[in-house]
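Enquirer: Following this line is entry.txt, made up of compact mmCIF, C-alpha atoms:
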# COMPACT_ATOMS: atom_id res chain seq x y z
CA MET A 172 33.51 -80.04 28.37
CA ASP A 173 32.39 -76.69 29.70
CA HIS A 174 34.77 -74.83 27.44
CA LEU A 175 33.17 -76.58 24.45
CA MET A 176 29.59 -76.04 25.53
CA ALA A 177 29.84 -72.45 26.74
CA PRO A 178 30.17 -70.85 23.28
CA LEU A 179 27.34 -73.01 21.92
CA LEU A 180 25.03 -72.10 24.79
CA ALA A 181 25.97 -68.43 24.47
CA ALA A 182 25.17 -68.54 20.75
CA LYS A 183 21.81 -70.16 21.45
CA ALA A 184 20.98 -67.56 24.08
CA ARG A 185 21.97 -64.79 21.67
CA ARG A 186 19.71 -66.28 18.97
CA ARG A 187 16.78 -66.49 21.42
CA ARG A 188 17.24 -62.84 22.34
CA GLU A 189 17.31 -61.94 18.64
CA LEU A 190 14.03 -63.81 18.14
CA ALA A 191 12.53 -62.08 21.16
CA ALA A 192 13.44 -58.72 19.63
CA LEU A 193 11.69 -59.40 16.29
CA PRO A 194 8.59 -57.34 15.46
CA ILE A 195 5.42 -59.04 16.67
CA GLU A 196 4.23 -59.46 13.07
CA GLU A 197 7.32 -61.57 12.29
CA LYS A 198 6.85 -63.53 15.50
CA LEU A 199 3.26 -64.37 14.55
CA LYS A 200 4.47 -65.85 11.27
CA ILE A 201 6.88 -68.03 13.26
CA VAL A 202 4.10 -69.06 15.67
CA LEU A 203 2.01 -70.24 12.70
CA GLU A 204 4.99 -72.14 11.31
CA LEU A 205 5.58 -73.77 14.70
CA GLN A 206 1.90 -74.73 14.85
CA ARG A 207 2.14 -76.42 11.43
CA ASN A 208 5.28 -78.32 12.49
CA VAL A 209 3.78 -79.46 15.79
CA ALA A 210 0.54 -80.54 14.11
CA GLU A 211 2.47 -82.51 11.47
CA ILE A 212 4.57 -84.28 14.10
CA ARG A 213 1.47 -85.13 16.09
CA ARG A 214 -0.29 -86.50 13.01
CA SER A 215 2.74 -88.61 12.04
CA ALA A 216 2.84 -89.98 15.56
CA GLY A 217 -0.84 -90.93 15.31
CA ARG A 218 -1.78 -88.42 18.00
CA PRO A 219 -3.56 -85.59 16.18
CA GLY A 220 -4.08 -82.45 18.25
CA PRO A 221 -5.30 -78.92 17.67
CA GLU A 222 -5.26 -77.64 14.11
CA PRO A 223 -2.91 -74.81 13.12
CA TRP A 224 -4.56 -71.43 12.67
CA ASP A 225 -5.67 -70.45 9.22
CA PRO A 226 -2.96 -68.08 7.95
CA SER A 227 -5.70 -65.72 6.81
CA CYS A 228 -6.40 -64.94 10.46
CA ILE A 229 -3.40 -62.67 10.52
CA GLN A 230 -3.54 -61.60 6.89
CA GLY A 231 -4.95 -58.24 7.83
CA LEU A 232 -2.07 -57.72 10.21
CA VAL A 233 0.93 -59.13 8.38
CA ARG A 234 1.81 -59.72 4.76
CA LEU A 235 1.96 -63.47 4.22
CA PRO A 236 3.78 -65.16 1.35
CA MET B 148 -17.69 -55.85 23.52
CA VAL B 149 -16.43 -53.19 25.91
CA GLU B 150 -18.33 -50.45 24.06
CA GLU B 151 -21.56 -52.42 24.35
CA GLY B 152 -21.03 -53.20 28.03
CA ILE B 153 -20.59 -56.92 27.45
CA LEU B 154 -17.16 -56.68 29.06
CA GLU B 155 -15.66 -54.05 31.32
CA ALA B 156 -12.11 -54.65 30.09
CA TYR B 157 -9.93 -57.33 28.56
CA ALA B 158 -6.30 -58.13 27.82
CA ILE B 159 -4.46 -60.91 26.02
CA GLY B 160 -2.67 -63.17 28.49
CA GLY B 161 -1.00 -66.57 28.43
CA ALA B 162 1.42 -67.77 25.79
CA MET B 163 0.28 -65.38 23.06
CA ALA B 164 0.89 -62.42 25.36
CA ALA B 165 4.32 -63.85 26.12
CA VAL B 166 5.09 -63.87 22.39
CA PHE B 167 4.99 -60.07 22.49
CA TYR B 168 7.99 -60.11 24.86
CA VAL B 169 9.97 -63.32 24.32
CA GLU B 170 10.86 -65.65 21.45
CA PRO B 171 7.88 -67.16 19.57
CA VAL B 172 6.48 -70.39 21.07
CA ALA B 173 4.11 -72.99 19.69
CA THR B 174 0.71 -72.19 21.11
CA PHE B 175 -2.66 -73.09 19.70
CA ASP B 176 -5.07 -70.94 21.66
CA LEU B 177 -5.44 -67.33 22.58
CA ASP B 178 -6.18 -66.63 26.23
CA VAL B 179 -8.00 -63.41 26.93
CA PHE B 180 -8.44 -62.30 30.53
CA VAL B 181 -11.72 -60.43 30.89
CA LEU B 182 -13.24 -58.21 33.55
CA LEU B 183 -16.97 -58.75 33.51
CA PRO B 184 -19.38 -55.90 34.26
CA ALA B 185 -19.78 -55.50 38.05
CA ALA B 186 -23.30 -56.97 38.16
CA GLU B 187 -22.10 -60.23 36.58
CA ARG B 188 -18.76 -60.29 38.36
CA ASP B 189 -20.36 -60.23 41.81
CA GLN B 190 -22.67 -63.19 41.24
CA VAL B 191 -22.09 -66.40 43.20
CA ILE B 192 -21.63 -68.38 39.99
CA VAL B 193 -19.83 -66.46 37.28
CA THR B 194 -20.71 -67.47 33.73
CA LEU B 195 -19.81 -66.14 30.32
CA GLU B 196 -23.23 -66.85 28.87
CA ARG B 197 -23.99 -63.28 27.80
CA GLN B 198 -20.55 -62.93 26.24
CA SER B 199 -20.86 -66.28 24.43
CA GLN B 200 -24.28 -65.36 23.07
CA TRP B 201 -22.98 -61.98 21.90
CA LEU B 202 -20.12 -63.69 20.04
CA ALA B 203 -22.35 -66.45 18.61
CA ARG B 204 -24.72 -63.83 17.17
CA ARG B 205 -21.76 -62.41 15.28
CA GLY B 206 -20.77 -65.76 13.81
CA TYR B 207 -18.22 -66.84 16.40
CA PRO B 208 -19.55 -70.08 17.84
CA ALA B 209 -18.41 -71.74 21.04
CA ALA B 210 -16.29 -74.87 20.57
CA GLY B 211 -15.87 -76.53 23.93
CA GLU B 212 -14.08 -74.12 26.19
CA HIS B 213 -13.14 -71.85 23.29
CA VAL B 214 -14.80 -69.46 20.91
CA MET B 215 -13.60 -69.83 17.34
CA ILE B 216 -12.70 -66.40 15.98
CA GLU B 217 -11.30 -66.51 12.43
CA SER B 218 -10.00 -70.06 13.04
CA VAL B 219 -8.32 -69.03 16.28
CA PRO B 220 -9.55 -70.80 19.41
CA VAL B 221 -10.02 -67.95 21.87
CA GLN B 222 -10.56 -68.69 25.54
CA LEU B 223 -12.18 -65.94 27.60
CA LEU B 224 -11.04 -66.27 31.19
CA PRO B 225 -12.80 -64.14 33.80
CA ALA B 226 -10.13 -62.45 35.94
CA TYR B 227 -9.98 -65.03 38.70
CA ASN B 228 -7.94 -63.27 41.38
CA PRO B 229 -6.56 -59.83 42.33
CA LEU B 230 -3.31 -60.31 40.40
CA VAL B 231 -5.08 -61.17 37.14
CA THR B 232 -7.58 -58.35 37.70
CA GLU B 233 -4.66 -55.97 38.15
CA ALA B 234 -2.98 -57.40 35.04
CA VAL B 235 -6.03 -56.50 32.95
CA ALA B 236 -6.35 -53.06 34.49
CA ALA B 237 -2.67 -52.31 33.88
CA SER B 238 -2.55 -53.74 30.35
CA ALA B 239 -1.63 -51.55 27.43
CA ASP B 240 -2.42 -51.28 23.73
CA ARG B 241 0.41 -52.52 21.56
CA PRO B 242 0.69 -52.05 17.81
CA LEU B 243 -0.04 -55.18 15.79
CA GLY B 244 0.19 -54.63 12.06
CA ARG B 245 -2.53 -52.18 11.13
CA ALA B 246 -4.41 -52.90 14.33
CA ARG B 247 -3.70 -52.66 18.03
CA ALA B 248 -3.89 -55.40 20.64
CA ARG B 249 -4.46 -54.98 24.35
CA VAL B 250 -1.82 -57.07 26.08
CA CYS B 251 -0.85 -57.68 29.70
CA ARG B 252 2.44 -56.12 30.77
CA PRO B 253 5.44 -58.46 31.05
CA GLU B 254 5.76 -57.91 34.81
CA HIS B 255 2.19 -59.10 35.40
CA LEU B 256 2.64 -62.07 33.07
CA MET B 257 5.77 -63.05 35.00
CA ALA B 258 4.02 -62.74 38.36
CA ILE B 259 1.09 -64.82 37.04
CA LEU B 260 3.57 -67.51 35.93
CA VAL B 261 5.01 -67.61 39.45
CA GLN B 262 1.54 -67.73 40.94
CA THR B 263 0.31 -70.50 38.62
CA GLY B 264 3.41 -72.48 39.46
CA ARG B 265 3.50 -75.35 36.95
CA SER B 266 6.77 -76.60 35.51
CA LYS B 267 5.94 -75.05 32.13
CA ASP B 268 5.33 -71.73 33.88
CA ARG B 269 8.77 -71.96 35.45
CA ALA B 270 10.32 -72.61 32.04
CA ARG B 271 8.48 -69.65 30.55
CA LEU B 272 9.53 -67.41 33.43
CA GLN B 273 13.10 -68.28 32.59
CA MET B 274 12.48 -67.13 29.02
CA PHE B 275 11.18 -63.80 30.30
CA LEU B 276 14.18 -63.39 32.59
CA GLU B 277 16.63 -64.08 29.78
CA GLU B 278 14.91 -62.39 26.85
CA ALA B 279 12.33 -59.80 27.85
CA GLU B 280 12.68 -56.16 28.70
CA PHE B 281 10.85 -55.55 31.97
CA ASP B 282 10.76 -53.31 35.01
CA ARG B 283 12.38 -55.32 37.80
CA THR B 284 11.23 -52.90 40.50
CA LEU B 285 7.60 -53.33 39.45
CA LEU B 286 8.00 -57.09 39.22
CA GLU B 287 9.53 -57.32 42.71
CA GLU B 288 6.69 -55.17 44.06
CA LEU B 289 4.08 -57.47 42.47
CA ILE B 290 5.85 -60.54 43.82
CA ASP B 291 5.71 -59.14 47.36
CA ARG B 292 2.22 -57.68 47.22
CA HIS B 293 0.70 -60.91 45.93
CA GLY B 294 2.55 -63.16 48.37
CA LEU B 295 4.75 -64.85 45.78
CA ARG B 296 8.19 -64.22 47.31
CA GLU B 297 8.79 -67.78 48.50
CA ARG B 298 8.21 -69.40 45.12
CA TRP B 299 10.02 -66.56 43.33
CA LEU B 300 13.10 -67.25 45.44
CA ALA B 301 12.79 -71.00 44.96
CA TRP B 302 12.63 -70.52 41.19
CA THR B 303 15.26 -67.86 40.74
CA THR B 304 18.03 -68.61 43.24
For this file, produce the structure as structure tokens.
Expert:
Amino acid sequence: MDHLMAPLLAAKARRRRELAALPIEEKLKIVLELQRNVAEIRRSAGRPGPEPWDPSCIQGLVRLP
Amino acid sequence: MVEEGILEAYAIGGAMAAVFYVEPVATFDLDVFVLLPAAERDQVIVTLERQSQWLARRGYPAAGEHVMIESVPVQLLPAYNPLVTEAVAASADRPLGRARARVCRPEHLMAILVQTGRSKDRARLQMFLEEAEFDRTLLEELIDRHGLRERWLAWTT
């Protein structure tokens, strides 16, 4: 089993390091996307939580779509 | 706030600070460690009343334990021990788009995770160890100087 899992885990670790190396402006966009996903999951589960940040909060810092 | 003497110093901490060094994580608030002016810091009961009023006058109202700044819930946390105080003092400006953000160094964030000691802190420490660039000598020195060696060993060996 280990010989099957090892390459998958190595690939995941490599992807995490790539994400860690992104410019902070790109990471902020991902944080906002994660917030939207988490909030949507919480709402669908009937357990609403904190609202995602308004994308305009980082508009001065990063170029949003 | 620093220029007007409302704060002595500040630095972003917590999960948002971690995002500067490791993969992005889902976080909904922005923790800011603050050093209050000496006269307020040395009081028996430390409050953030003057800071909250200053922010409210500028259109940033308090919402529970947070202050809403451009839709971002910001939590001002007075530096609550020598390690956090040192983290603020040693923080550095980092470029953020067209602006700059004052952020705690990764070594201090890692030591604070060890000190705080929750399971989510342990998980985040692992992220730092695997993904972040940091000065191991400085980290080891912080771990020793702030009496964190036992938990550090328990978490990393």
Enquirer: Return the single residue from A:Asn208, A:Ala191, A:Ile229, A:Ala216 that is closest to chain B, with distances computed using all atoms listed in the file.
Expert: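 Among the listed residues, the smallest separation from chain B belongs to A:Ala191.
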Enquirer: So what do you get for CA of Ile259 in chain B versus CA of Ser238 in chain B, distance-wise?
Expert: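 Atom-to-atom, CA of Ile259 in chain B to CA of Ser238 in chain B, that is 13.4 Å.
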Enquirer: Please identify every residue of chain B that has at least one atom no more than 7 Å from any atom of chain A, counting only C-alpha atoms, and report them as a PyMOL selection string.
Expert: chain B and resi 167-175+217-219+243-246+278
Enquirer: Near Val235 in chain B, counting all atoms listed in the file, which residues have an atom at most 8 Å away, once you skip same-chain residues fewer than 6 positions from it, shown as JSON, numbers by chain?
Expert: {"B": [156, 157, 158, 180, 181, 182, 226, 251]}
Enquirer: Can you list, as a PDB file with C-alpha atoms, keeping the file's coordinate frame, every protein, DNA or RNA residue that comes within 9 Å of Trp302 in chain B when you count all atoms listed in the file, leaving out same-chain residues fewer than 3 positions away?
Expert:
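Result file around-v2.pdb:
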ATOM      1  CA  VAL B 261       5.010 -67.610  39.450  1.00  0.00           C
ATOM      2  CA  ARG B 269       8.770 -71.960  35.450  1.00  0.00           C
ATOM      3  CA  LEU B 272       9.530 -67.410  33.430  1.00  0.00           C
ATOM      4  CA  GLN B 273      13.100 -68.280  32.590  1.00  0.00           C
ATOM      5  CA  GLU B 297       8.790 -67.780  48.500  1.00  0.00           C
ATOM      6  CA  ARG B 298       8.210 -69.400  45.120  1.00  0.00           C
ATOM      7  CA  TRP B 299      10.020 -66.560  43.330  1.00  0.00           C
TER       8      TRP B 299
END
Enquirer: Just give me the gap between CA of Leu195 in chain B and CA of Gly152 in chain B in Å, one decimal is fine.
Expert: 13.2 Å
Enquirer: Hey, can you check how far CA of Ala209 in chain B sits from CA of Glu196 in chain B?
Expert: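 So the answer is 10.4 Å.
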Enquirer: Which residue gives the smallest distance to Glu233 in chain B among B:Ala270, B:Leu260, B:Leu289, B:Ile192, with all atoms listed in the file counted?
Expert: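 The closest residue to Glu233 in chain B is B:Leu289.
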Enquirer: Restricting the calculation to all atoms listed in the file: of B:Thr304, B:Gln200, B:Thr263, B:Gln190, which residue gets closest to Val231 in chain B?
Expert: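 That would be B:Thr263, the residue with the smallest distance to Val231 in chain B.
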Enquirer: Taking all listed atoms of range 177-183 of chain A, build the axis-aligned box, pad each of the six sides by 8 Å, then write its centre and edge lengths in Å to one decimal as lines of an AutoDock Vina configuration file.
Expert:
center_x = 26.0
center_y = -70.7
center_z = 23.7
size_x = 24.4
size_y = 20.6
size_z = 22.0
Enquirer: May I have the protein, DNA and RNA residues with an atom at most 12 Å from (-21.6, -62.3, 23.8), counting all atoms listed in the file in the file's coordinates, returned as a PyMOL selection string?
Expert: chain B and resi 148-149+151-154+183+194-209+214+223
Enquirer: From the coordinates supplied, range 154-304 of chain B should be written with C-alpha atoms, as an mmCIF file, in the first residue's frame.
Expert:
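The resulting file, out36.cif, is reproduced below:
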data_model
loop_
_atom_site.group_PDB
_atom_site.id
_atom_site.type_symbol
_atom_site.label_atom_id
_atom_site.label_comp_id
_atom_site.auth_asym_id
_atom_site.auth_seq_id
_atom_site.Cartn_x
_atom_site.Cartn_y
_atom_site.Cartn_z
ATOM 1 C CA LEU B 154 -0.884 52.290 19.474
ATOM 2 C CA GLU B 155 2.831 51.890 20.045
ATOM 3 C CA ALA B 156 3.192 49.136 17.441
ATOM 4 C CA TYR B 157 1.214 46.413 15.732
ATOM 5 C CA ALA B 158 1.667 43.351 13.545
ATOM 6 C CA ILE B 159 -0.641 40.915 11.798
ATOM 7 C CA GLY B 160 -0.640 37.547 13.550
ATOM 8 C CA GLY B 161 -2.742 34.399 13.494
ATOM 9 C CA ALA B 162 -3.933 32.618 10.384
ATOM 10 C CA MET B 163 -3.687 35.621 8.065
ATOM 11 C CA ALA B 164 -0.044 36.092 9.019
ATOM 12 C CA ALA B 165 0.499 32.397 8.350
ATOM 13 C CA VAL B 166 -0.882 32.875 4.830
ATOM 14 C CA PHE B 167 2.171 35.013 4.070
ATOM 15 C CA TYR B 168 4.378 31.945 4.632
ATOM 16 C CA VAL B 169 2.339 28.794 3.979
ATOM 17 C CA GLU B 170 -0.469 27.664 1.675
ATOM 18 C CA PRO B 171 -3.696 29.718 1.885
ATOM 19 C CA VAL B 172 -6.160 28.605 4.575
ATOM 20 C CA ALA B 173 -9.806 29.439 5.170
ATOM 21 C CA THR B 174 -9.863 32.125 7.813
ATOM 22 C CA PHE B 175 -12.547 34.687 8.461
ATOM 23 C CA ASP B 176 -10.884 37.175 10.767
ATOM 24 C CA LEU B 177 -7.721 39.176 10.868
ATOM 25 C CA ASP B 178 -5.813 39.060 14.147
ATOM 26 C CA VAL B 179 -3.636 42.048 14.850
ATOM 27 C CA PHE B 180 -1.306 41.950 17.842
ATOM 28 C CA VAL B 181 -0.932 45.433 19.288
ATOM 29 C CA LEU B 182 1.442 47.057 21.739
ATOM 30 C CA LEU B 183 -0.477 49.696 23.638
ATOM 31 C CA PRO B 184 1.193 52.922 24.754
ATOM 32 C CA ALA B 185 3.056 52.339 28.048
ATOM 33 C CA ALA B 186 0.542 54.258 30.188
ATOM 34 C CA GLU B 187 -2.313 51.998 29.041
ATOM 35 C CA ARG B 188 -0.248 48.832 28.952
ATOM 36 C CA ASP B 189 0.719 49.100 32.620
ATOM 37 C CA GLN B 190 -2.822 49.450 33.951
ATOM 38 C CA VAL B 191 -4.291 46.666 36.073
ATOM 39 C CA ILE B 192 -7.143 46.165 33.613
ATOM 40 C CA VAL B 193 -6.103 46.608 30.006
ATOM 41 C CA THR B 194 -8.849 47.775 27.673
ATOM 42 C CA LEU B 195 -8.958 48.808 24.045
ATOM 43 C CA GLU B 196 -11.524 51.525 24.638
ATOM 44 C CA ARG B 197 -9.439 54.389 23.261
ATOM 45 C CA GLN B 198 -8.502 52.341 20.205
ATOM 46 C CA SER B 199 -12.122 51.276 19.614
ATOM 47 C CA GLN B 200 -13.338 54.866 19.891
ATOM 48 C CA TRP B 201 -10.643 56.045 17.480
ATOM 49 C CA LEU B 202 -11.718 53.416 14.938
ATOM 50 C CA ALA B 203 -15.450 54.065 15.447
ATOM 51 C CA ARG B 204 -14.935 57.781 14.762
ATOM 52 C CA ARG B 205 -13.467 56.794 11.407
ATOM 53 C CA GLY B 206 -16.426 54.616 10.471
ATOM 54 C CA TYR B 207 -15.128 51.265 11.686
ATOM 55 C CA PRO B 208 -17.608 50.107 14.314
ATOM 56 C CA ALA B 209 -17.055 47.366 16.848
ATOM 57 C CA ALA B 210 -18.950 44.127 16.173
ATOM 58 C CA GLY B 211 -18.608 41.905 19.197
ATOM 59 C CA GLU B 212 -14.953 41.157 19.680
ATOM 60 C CA HIS B 213 -14.066 42.511 16.242
ATOM 61 C CA VAL B 214 -13.865 45.829 14.466
ATOM 62 C CA MET B 215 -15.290 45.729 10.964
ATOM 63 C CA ILE B 216 -12.788 47.306 8.575
ATOM 64 C CA GLU B 217 -13.918 47.194 4.924
ATOM 65 C CA SER B 218 -15.986 44.051 5.656
ATOM 66 C CA VAL B 219 -13.041 42.346 7.335
ATOM 67 C CA PRO B 220 -13.546 41.419 10.991
ATOM 68 C CA VAL B 221 -10.339 42.625 12.625
ATOM 69 C CA GLN B 222 -9.503 41.570 16.160
ATOM 70 C CA LEU B 223 -7.014 43.737 18.025
ATOM 71 C CA LEU B 224 -5.215 41.606 20.590
ATOM 72 C CA PRO B 225 -3.028 43.390 23.132
ATOM 73 C CA ALA B 226 0.334 41.599 23.259
ATOM 74 C CA TYR B 227 -0.437 39.250 26.129
ATOM 75 C CA ASN B 228 2.980 37.837 26.995
ATOM 76 C CA PRO B 229 6.709 38.361 26.326
ATOM 77 C CA LEU B 230 6.732 36.120 23.242
ATOM 78 C CA VAL B 231 3.891 37.995 21.547
ATOM 79 C CA THR B 232 5.419 41.330 22.557
ATOM 80 C CA GLU B 233 8.681 40.220 20.967
ATOM 81 C CA ALA B 234 6.800 39.034 17.874
ATOM 82 C CA VAL B 235 5.377 42.527 17.362
ATOM 83 C CA ALA B 236 8.709 44.206 18.009
ATOM 84 C CA ALA B 237 10.489 41.921 15.543
ATOM 85 C CA SER B 238 7.806 42.074 12.847
ATOM 86 C CA ALA B 239 8.610 43.413 9.416
ATOM 87 C CA ASP B 240 6.859 45.270 6.611
ATOM 88 C CA ARG B 241 6.007 43.007 3.712
ATOM 89 C CA PRO B 242 4.814 44.153 0.296
ATOM 90 C CA LEU B 243 1.111 43.597 -0.320
ATOM 91 C CA GLY B 244 -0.030 44.814 -3.708
ATOM 92 C CA ARG B 245 0.453 48.560 -3.765
ATOM 93 C CA ALA B 246 0.567 48.693 0.017
ATOM 94 C CA ARG B 247 2.698 47.181 2.743
ATOM 95 C CA ALA B 248 1.593 45.065 5.679
ATOM 96 C CA ARG B 249 3.366 44.656 8.986
ATOM 97 C CA VAL B 250 3.502 40.932 9.668
ATOM 98 C CA CYS B 251 5.019 38.769 12.406
ATOM 99 C CA ARG B 252 8.049 36.741 11.350
ATOM 100 C CA PRO B 253 7.475 33.025 10.701
ATOM 101 C CA GLU B 254 9.723 31.971 13.589
ATOM 102 C CA HIS B 255 7.632 33.944 16.087
ATOM 103 C CA LEU B 256 4.382 32.648 14.605
ATOM 104 C CA MET B 257 5.692 29.093 14.952
ATOM 105 C CA ALA B 258 6.754 29.648 18.559
ATOM 106 C CA ILE B 259 3.339 31.184 19.347
ATOM 107 C CA LEU B 260 1.666 28.096 17.852
ATOM 108 C CA VAL B 261 3.718 25.884 20.153
ATOM 109 C CA GLN B 262 2.931 28.096 23.111
ATOM 110 C CA THR B 263 -0.818 28.218 22.393
ATOM 111 C CA GLY B 264 -0.809 24.459 22.081
ATOM 112 C CA ARG B 265 -4.201 23.556 20.594
ATOM 113 C CA SER B 266 -4.560 20.734 18.095
ATOM 114 C CA LYS B 267 -5.159 23.229 15.279
ATOM 115 C CA ASP B 268 -1.955 25.009 16.266
ATOM 116 C CA ARG B 269 -0.075 21.730 15.988
ATOM 117 C CA ALA B 270 -1.517 21.154 12.515
ATOM 118 C CA ARG B 271 -0.537 24.659 11.449
ATOM 119 C CA LEU B 272 2.966 24.218 12.852
ATOM 120 C CA GLN B 273 3.296 21.187 10.622
ATOM 121 C CA MET B 274 2.376 23.354 7.640
ATOM 122 C CA PHE B 275 5.114 25.821 8.563
ATOM 123 C CA LEU B 276 7.651 23.029 8.956
ATOM 124 C CA GLU B 277 6.802 21.551 5.563
ATOM 125 C CA GLU B 278 6.163 24.685 3.517
ATOM 126 C CA ALA B 279 7.675 27.832 4.993
ATOM 127 C CA GLU B 280 11.114 29.304 4.688
ATOM 128 C CA PHE B 281 12.349 30.118 8.185
ATOM 129 C CA ASP B 282 15.473 30.520 10.273
ATOM 130 C CA ARG B 283 15.754 27.333 12.315
ATOM 131 C CA THR B 284 18.448 28.765 14.584
ATOM 132 C CA LEU B 285 16.207 31.683 15.543
ATOM 133 C CA LEU B 286 13.239 29.371 16.045
ATOM 134 C CA GLU B 287 15.226 27.026 18.312
ATOM 135 C CA GLU B 288 16.438 30.023 20.309
ATOM 136 C CA LEU B 289 12.852 31.281 20.762
ATOM 137 C CA ILE B 290 11.689 27.811 21.774
ATOM 138 C CA ASP B 291 14.345 27.653 24.498
ATOM 139 C CA ARG B 292 14.083 31.225 25.719
ATOM 140 C CA HIS B 293 10.310 31.028 26.125
ATOM 141 C CA GLY B 294 10.326 27.626 27.817
ATOM 142 C CA LEU B 295 8.682 25.736 24.974
ATOM 143 C CA ARG B 296 11.219 22.942 24.458
ATOM 144 C CA GLU B 297 9.137 20.175 26.018
ATOM 145 C CA ARG B 298 6.093 20.728 23.815
ATOM 146 C CA TRP B 299 8.278 21.389 20.770
ATOM 147 C CA LEU B 300 9.886 17.983 21.224
ATOM 148 C CA ALA B 301 6.540 16.312 21.851
ATOM 149 C CA TRP B 302 5.171 17.812 18.643
ATOM 150 C CA THR B 303 8.133 17.338 16.365
ATOM 151 C CA THR B 304 9.749 14.019 17.320
#
